[in-house]
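> Here you go, one structure.
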Amino acid sequence: WLLQKSGVRFNLIGFCSSEYSGSDTVNLLAVDGTNGSGHWLFHGFNREIVSEDTVTRTGDRSDSVAVAIPGNIATSRASAIAIVVHTIDADTNKDSALTDKDKQSLYVYRPGMGFATKLIDVDYLLSSTQTNGARYLVVYERGKTAFASIYSLPDFNLVSERPLPSVPN
């Protein structure tokens with residue numbers, strides 16, 4: 001991922017650990033593309049990173065995403081302001097595996113931050129996306145109820161959180 005803030009490009013690189021089977025990503029590395037310095041977004045290896053979503057500058061939600069190498073996505077360097085990272089942080093159902101049946105979290109990272117900060121913990125994440133230049137929508141379940149939360153951009157402050165109606169019979 002290429003992100004830019006104050007003229008500094010950051011490349012986020014997935015890190016694989018042999019503790020988990022396959023190519024499970026457990027941490028991300030932010031690398032400054034101008035001087036090569038870097039830091040990890042999370043402490044340790046105790047999570048499963050499910051996905052990352054690039055958030056762009058207000059009014060600049062472009063379709064200029066290009067796949068450069070399988071598994072690596074490059075976005076428009078001028079418009080990316082943050083990424084939202086979907087994770088599973090713990091084996092909450094005690095089945096000895098990190099799966100979508102465990103509680104899930106969303107984190108936000110902006111270039112220049114030390115570590116990613118937690119946005120929300122949920123039982124099950126249904127979707128998350130930037131709806132326009134000024135809002136980020138998260139749809140999730142807690143217990144038997146689905147909710148929609150809307151966050152303002154670029155600060156990710158909670159604007160609203162509402163339960164969604166059940167499916168009619």
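Chain labels A, B, ... are given in the sequence in which chains occur in the structure tokens; within each chain residues are numbered consecutively from 1, and ligands are likewise numbered from 1 in the order shown.
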Compile the contact shell of Asp53 (chain A) as a list of chain:residue names: residues with an atom at most 10 Å away, counting only C-alpha atoms, same-chain residues fewer than 2 positions apart removed.
A:Trp1, A:Ser51, A:Val55, A:Thr56, A:Ala82, A:Ile83, A:Val84, A:Val85, A:His86, A:Val108, A:Ser128, A:Thr129, A:Gln130
> Find the residues around Pro165 (chain A) up to 10 Å (only C-alpha atoms counted), leave out those fewer than 5 positions away in its own chain, and share them as a list in words.
Thr145, Ala146 and Phe147 of chain A
> Can I get the selected residues back with C-alpha atoms, as a PDB file, in the first residue's frame?

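Dumped everything to out.pdb:
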ATOM      1  CA  THR A 145     -28.657  -7.309  16.517  1.00  0.00           C
ATOM      2  CA  ALA A 146     -27.068  -5.693  13.469  1.00  0.00           C
ATOM      3  CA  PHE A 147     -25.851  -2.092  13.698  1.00  0.00           C
TER       4      PHE A 147
END
> Under the rule that only C-alpha atoms are counted, which of A:Thr87, A:Thr25, A:Asn132, A:Asn93 is the nearest residue to Lys118 (chain A)?
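Among A:Thr87, A:Thr25, A:Asn132, A:Asn93, it is A:Thr87 that comes nearest to Lys118 (chain A).
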> Kindly give the distance, in Å, that separates CA of Glu141 (chain A) and CA of Leu164 (chain A), rounded to a single decimal.
9.5 Å
> From a backbone DSSP assignment, name each residue in region 75-105 of chain A labelled strand (DSSP E), as a list in words.
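Result set for region 75-105 of chain A (strand (DSSP E)): Ala80, Ile81, Ala82, Ile83, Val84, Val85, His86, Thr87, Ile88, Gln104 and Ser105 of chain A.
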> For Tyr109 (chain A), which residue out of A:Ile81, A:Val139, A:Ile150, A:Ala90 is the nearest one, using only C-alpha atoms?
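Of the candidates, the smallest distance to Tyr109 (chain A) is held by A:Ile81.
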> How far is it from CA of Arg135 (chain A) to CA of Arg57 (chain A), in Å with one decimal?
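Separation of CA of Arg135 (chain A) and CA of Arg57 (chain A): 10.7 Å.
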> Tell me which of A:Leu153, A:Lys144, A:Asn35, A:Asp121 sits closest to Ser166 (chain A), counting only C-alpha atoms.
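Among A:Leu153, A:Lys144, A:Asn35, A:Asp121, it is A:Lys144 that comes nearest to Ser166 (chain A).
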> Restricting the calculation to only C-alpha atoms, which member of A:Ser105, A:Thr131, A:Ile88, A:Phe45 is positioned closest to Thr117 (chain A)?
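Residue with the minimum atom-to-atom distance to Thr117 (chain A): A:Ser105.
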> Near Leu125 (chain A), counting only C-alpha atoms, which residues have an atom at most 7 Å away, once you skip same-chain residues fewer than 2 positions from it, shown as a list in words?
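The residues that qualify are Gln104, Val122, Asp123, Ser127, Val139, Tyr140 and Glu141 of chain A.
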> Work out how far CA of Pro111 (chain A) is from CA of Ala30 (chain A), in Å to one decimal.
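So the answer is 7.8 Å.
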> Would you pick out the contacts of Val159 (chain A) at 8 Å or less, using only C-alpha atoms, so that residues sharing its chain but fewer than 4 positions from it are not included, and give the list as an MDAnalysis selection string?
chainID A and resid 149:152
> Would you mind telling me which residue in A:Glu52, A:Gly143, A:Val138, A:Leu106 lies nearest to Arg162 (chain A) when using only C-alpha atoms?
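With only C-alpha atoms as the atom set, the closest residue is A:Val138.
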> Show which residues sit within 9 Å of Asp89 (chain A), as a ChimeraX atom specification. Count only C-alpha atoms, and ignore same-chain residues fewer than 4 positions away.
/A:46-49,98,102-105
